[in-house]
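Q: A single structure is presented below for examination.
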Amino acid sequence: MRIGTKLRQMPSFKKHSPDIFLEISRNDSAMQYYPVNLGQFEDKKIACLTLDVEHDYGTLLTKPTFEGMRNIPLLVDFLNAKNIPLTCYVQGSLFETHGQDINYLSKLDVEYEPHSFSHPNPNTMDFEWEIAKSKVSYRAFFGKDPIGYRSPDGYIDGVHYYETLVQNGFKYDSSVFPSFRPNRFNHLNHPVNPYYEYNKQIIEFPFSVLSPRIRVPISLSYLKLFGGTFLKFLDVFPLSKLIIFDFHLHDLSSLSTFDEISFQNQLPAYQKAVYKRIYLSKGDQGFPVLNRFIETLQKSGYEFLKVEDVFRGIG
């Protein structure tokens, strides 16, 4: 059995043009990923619902708004009724500006971890500052250090990124979409299941995809985009035994702030159509689609846990 797969290292950089995103994985220097033994969960089916708590629509708005926060009480009631835990990756600045909303999520069986500090556009992201500042804000709010991290927009810069996480004491990361997104990333060479990074000093829990060959992310936005067809695929595909499922507060209902998204001329027409389908025509389908997804996994025998539970159970 092959233990590690040599891949090419990605360079460290802070500011760049969008065109560079698709060049990242084409650089030289070897990089190794080692599969993770899931320990006590190896023979079980586990699903982790993960919520990115951030300003509305991530990096699509020129000025941050927070209308999506209104969905927190509805989400808490929804998950409590199903007795399902939640892992929240929180934009660090919200600990300072929206502490009451963050605390409301504590009515759930919840894990909190940082999701950068300011959730910047990848074009201008300073990984070192975002990681260190988010840790400071987290500690000030909870009185302890975090163990997990998630980078905005699924964007990482390879070895330097993981080195920075390790230096700041993080034990795991959950940022990688092992798929392809135009003008953002090309992670088709990444494993689809958890793996060790940076000399086995940190674990990456990648977002789940439909299969190793069909690398469509299993997330609420994609379920809304592709509709019932995608949900039917989940019934017939042999899914991974560990599913890391991602969603946002703005995925759950229509928001008036969608009108403030700047659809620049350079934004491809297909991308405009995708956003309009997810956030307008399918805007209010978030909770029904999430409910159907959960029921699908429950019928298949999945147990719902927090990512921290899985991390601590790894052998």
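Every chain in the structure tokens takes a letter, A first, then B, and so on in the order presented; its residues are numbered from 1, and the ligands are numbered from 1 following the presented order.
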Could you give me the residues within region 119-301 of chain A that DSSP places in alpha helix (DSSP H), as a PDB file with C-alpha atoms, in the first residue's frame?
A:
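Output below, filename selection-v5.pdb:
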ATOM      1  CA  PHE A 127      -2.106  34.409   5.979  1.00  0.00           C
ATOM      2  CA  GLU A 128       0.245  35.097   8.867  1.00  0.00           C
ATOM      3  CA  TRP A 129      -1.745  38.095  10.106  1.00  0.00           C
ATOM      4  CA  GLU A 130      -5.173  36.485   9.630  1.00  0.00           C
ATOM      5  CA  ILE A 131      -4.164  33.313  11.472  1.00  0.00           C
ATOM      6  CA  ALA A 132      -2.400  35.056  14.373  1.00  0.00           C
ATOM      7  CA  LYS A 133      -5.075  37.754  14.801  1.00  0.00           C
ATOM      8  CA  SER A 134      -7.930  35.238  14.709  1.00  0.00           C
ATOM      9  CA  LYS A 135      -6.205  33.240  17.451  1.00  0.00           C
ATOM     10  CA  VAL A 136      -5.909  36.350  19.619  1.00  0.00           C
ATOM     11  CA  SER A 137      -9.590  37.232  19.175  1.00  0.00           C
ATOM     12  CA  TYR A 138     -10.611  33.631  19.874  1.00  0.00           C
ATOM     13  CA  ARG A 139      -8.588  33.503  23.102  1.00  0.00           C
ATOM     14  CA  ALA A 140     -10.001  36.848  24.257  1.00  0.00           C
ATOM     15  CA  PHE A 141     -13.549  35.516  23.750  1.00  0.00           C
ATOM     16  CA  PHE A 142     -13.226  31.963  25.087  1.00  0.00           C
ATOM     17  CA  VAL A 159       3.691  24.567   2.972  1.00  0.00           C
ATOM     18  CA  HIS A 160       3.887  28.145   4.282  1.00  0.00           C
ATOM     19  CA  TYR A 161       0.217  28.053   5.255  1.00  0.00           C
ATOM     20  CA  TYR A 162       0.545  24.850   7.276  1.00  0.00           C
ATOM     21  CA  GLU A 163       3.820  25.998   8.793  1.00  0.00           C
ATOM     22  CA  THR A 164       2.072  29.152  10.055  1.00  0.00           C
ATOM     23  CA  LEU A 165      -0.771  27.101  11.534  1.00  0.00           C
ATOM     24  CA  VAL A 166       1.652  24.794  13.353  1.00  0.00           C
ATOM     25  CA  GLN A 167       3.648  27.733  14.684  1.00  0.00           C
ATOM     26  CA  LEU A 220     -25.440  23.224   0.928  1.00  0.00           C
ATOM     27  CA  SER A 221     -24.687  25.679  -1.872  1.00  0.00           C
ATOM     28  CA  TYR A 222     -24.002  22.840  -4.333  1.00  0.00           C
ATOM     29  CA  LEU A 223     -27.090  20.942  -3.196  1.00  0.00           C
ATOM     30  CA  LYS A 224     -29.160  24.055  -3.898  1.00  0.00           C
ATOM     31  CA  LEU A 225     -27.415  24.613  -7.214  1.00  0.00           C
ATOM     32  CA  PHE A 226     -28.002  21.099  -8.587  1.00  0.00           C
ATOM     33  CA  GLY A 228     -32.908  17.021  -6.344  1.00  0.00           C
ATOM     34  CA  THR A 229     -30.578  15.369  -8.848  1.00  0.00           C
ATOM     35  CA  PHE A 230     -27.619  15.855  -6.522  1.00  0.00           C
ATOM     36  CA  LEU A 231     -29.563  14.484  -3.553  1.00  0.00           C
ATOM     37  CA  LYS A 232     -30.474  11.404  -5.591  1.00  0.00           C
ATOM     38  CA  PHE A 233     -26.778  10.863  -6.335  1.00  0.00           C
ATOM     39  CA  LEU A 234     -26.144  10.775  -2.586  1.00  0.00           C
ATOM     40  CA  ASP A 235     -28.510   7.800  -2.369  1.00  0.00           C
ATOM     41  CA  VAL A 236     -26.608   5.708  -4.900  1.00  0.00           C
ATOM     42  CA  ALA A 269     -21.928  35.118 -17.114  1.00  0.00           C
ATOM     43  CA  TYR A 270     -22.099  31.524 -15.857  1.00  0.00           C
ATOM     44  CA  GLN A 271     -20.890  32.646 -12.431  1.00  0.00           C
ATOM     45  CA  LYS A 272     -23.573  35.319 -12.224  1.00  0.00           C
ATOM     46  CA  ALA A 273     -26.156  32.672 -13.117  1.00  0.00           C
ATOM     47  CA  VAL A 274     -24.835  30.318 -10.424  1.00  0.00           C
ATOM     48  CA  TYR A 275     -25.083  32.947  -7.687  1.00  0.00           C
ATOM     49  CA  LYS A 276     -28.574  33.972  -8.754  1.00  0.00           C
ATOM     50  CA  GLY A 286     -31.823  26.269   2.519  1.00  0.00           C
ATOM     51  CA  PHE A 287     -33.569  24.660   5.467  1.00  0.00           C
ATOM     52  CA  PRO A 288     -35.667  22.191   3.407  1.00  0.00           C
ATOM     53  CA  VAL A 289     -32.603  21.065   1.433  1.00  0.00           C
ATOM     54  CA  LEU A 290     -30.507  20.767   4.602  1.00  0.00           C
ATOM     55  CA  ASN A 291     -33.284  18.724   6.201  1.00  0.00           C
ATOM     56  CA  ARG A 292     -33.456  16.350   3.248  1.00  0.00           C
ATOM     57  CA  PHE A 293     -29.662  15.970   3.243  1.00  0.00           C
ATOM     58  CA  ILE A 294     -29.628  15.076   6.948  1.00  0.00           C
ATOM     59  CA  GLU A 295     -32.439  12.554   6.499  1.00  0.00           C
ATOM     60  CA  THR A 296     -30.573  10.970   3.569  1.00  0.00           C
ATOM     61  CA  LEU A 297     -27.458  10.435   5.700  1.00  0.00           C
ATOM     62  CA  GLN A 298     -29.447   9.175   8.672  1.00  0.00           C
ATOM     63  CA  LYS A 299     -31.104   6.551   6.486  1.00  0.00           C
TER      64      LYS A 299
END
Q: From the DSSP assignment of the backbone, select every residue of region 126-178 of chain A that is strand (DSSP E or B), and format the answer as a ChimeraX atom specification.
A: /A:148-149,172-173
Q: Please, could you write that set of residues out with C-alpha atoms as a compact mmCIF listing (two decimals), in the first residue's frame?
A:
# COMPACT_ATOMS: atom_id res chain seq x y z
CA GLY A 148 -8.79 23.97 14.34
CA TYR A 149 -8.79 26.54 11.56
CA TYR A 172 -6.02 20.54 12.44
CA ASP A 173 -7.25 22.47 9.42
Q: Show me, as JSON lines, the residues of region 200-296 of chain A having an atom within 9 Å of region 64-68 of chain A, each with the closest atom pair and its distance in Å, using only C-alpha atoms.
A:
{"residue": "A:His248", "atom": "CA", "partner": "A:Gly68", "partner_atom": "CA", "distance": 8.5}
{"residue": "A:Leu249", "atom": "CA", "partner": "A:Gly68", "partner_atom": "CA", "distance": 5.2}
{"residue": "A:His250", "atom": "CA", "partner": "A:Gly68", "partner_atom": "CA", "distance": 5.1}
{"residue": "A:Asp251", "atom": "CA", "partner": "A:Gly68", "partner_atom": "CA", "distance": 8.5}
{"residue": "A:Leu252", "atom": "CA", "partner": "A:Gly68", "partner_atom": "CA", "distance": 8.2}
{"residue": "A:Ser253", "atom": "CA", "partner": "A:Gly68", "partner_atom": "CA", "distance": 7.9}
{"residue": "A:Ser254", "atom": "CA", "partner": "A:Gly68", "partner_atom": "CA", "distance": 8.7}
{"residue": "A:Leu255", "atom": "CA", "partner": "A:Glu67", "partner_atom": "CA", "distance": 6.7}
{"residue": "A:Ser256", "atom": "CA", "partner": "A:Glu67", "partner_atom": "CA", "distance": 7.9}
{"residue": "A:Thr257", "atom": "CA", "partner": "A:Thr65", "partner_atom": "CA", "distance": 7.1}
Q: Would you write out, as a Markdown table, a table of all residues in region 220-253 of chain A that have an atom no more than 9 Å from an atom of region 38-53 of chain A, listing for each the closest atom pair and the distance in Å to one decimal, considering only C-alpha atoms and ordering rows by chain and rising residue number?
A:
| residue | atom | partner | partner_atom | distance |
| --- | --- | --- | --- | --- |
| A:Ser240 | CA | A:Lys45 | CA | 8.0 |
| A:Lys241 | CA | A:Lys45 | CA | 4.6 |
| A:Leu242 | CA | A:Ile46 | CA | 4.8 |
| A:Ile243 | CA | A:Ala47 | CA | 4.6 |
| A:Ile244 | CA | A:Cys48 | CA | 5.1 |
| A:Phe245 | CA | A:Leu49 | CA | 5.1 |
| A:Asp246 | CA | A:Thr50 | CA | 4.9 |
| A:Phe247 | CA | A:Leu51 | CA | 5.1 |
| A:His248 | CA | A:Asp52 | CA | 5.2 |
| A:Leu249 | CA | A:Val53 | CA | 6.8 |
Q: What gap, in Å, lies between CA of Phe78 (chain A) and CA of Phe304 (chain A)?
A: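 CA of Phe78 (chain A) sits 14.4 Å away from CA of Phe304 (chain A).
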Q: For a quick check of understanding, using only C-alpha atoms, which of A:Asp126, A:Asp309, A:Glu204, A:Asp56 has the smallest distance to Pro85 (chain A)?
A: A:Asp309
Q: Counting only C-alpha atoms, what is within 9 Å of Val176 (chain A), bar same-chain residues fewer than 4 positions away, as a VMD selection string?
A: chain A and resid 150 to 151 154 to 156 187 190 204 to 207
Q: If you keep C-alpha atoms, can you produce a file of those selected residues as a short mmCIF file (atom, residue, chain, number, x, y, z; two decimals), in the first residue's frame?
A:
data_model
loop_
_atom_site.label_atom_id
_atom_site.label_comp_id
_atom_site.auth_asym_id
_atom_site.auth_seq_id
_atom_site.Cartn_x
_atom_site.Cartn_y
_atom_site.Cartn_z
CA ARG A 150 -10.54 27.22 8.25
CA SER A 151 -9.25 29.63 5.61
CA GLY A 154 -11.04 27.30 0.61
CA TYR A 155 -7.79 29.05 -0.19
CA ILE A 156 -4.36 27.95 1.08
CA HIS A 187 -6.86 21.03 -5.73
CA HIS A 190 -5.24 16.57 -3.14
CA GLU A 204 -6.24 18.37 7.06
CA PHE A 205 -9.95 17.51 7.02
CA PRO A 206 -10.90 18.34 3.40
CA PHE A 207 -14.44 19.18 2.40
#
Q: From the set A:Lys63, A:Arg215, A:His115, A:Arg277, which residue has the shortest atom-to-atom contact distance to Ser179 (chain A), counting only C-alpha atoms?
A: A:Arg215
Q: Using only C-alpha atoms, pick whichever of A:Pro238, A:Pro182, A:Pro120, A:Gly92 has the shortest atom-to-atom distance to Pro146 (chain A).
A: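 For Pro146 (chain A), the nearest of the given residues is A:Gly92.
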Q: In Å, with one decimal, what is the gap from CA of Lys282 (chain A) to CA of Val192 (chain A)?
A: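 Taking CA of Lys282 (chain A) and CA of Val192 (chain A), their separation equals 27.9 Å.
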Q: Smallest atom-to-atom distance to Glu113 (chain A): which of A:Gly283, A:Ser174, A:Ser211, A:Val36, using only C-alpha atoms?
A: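 Result for the nearest residue to Glu113 (chain A): A:Ser174.
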Q: Provide the CA of Pro178 (chain A) to CA of Ile214 (chain A) distance in Å, to one decimal place.
A: 10.5 Å
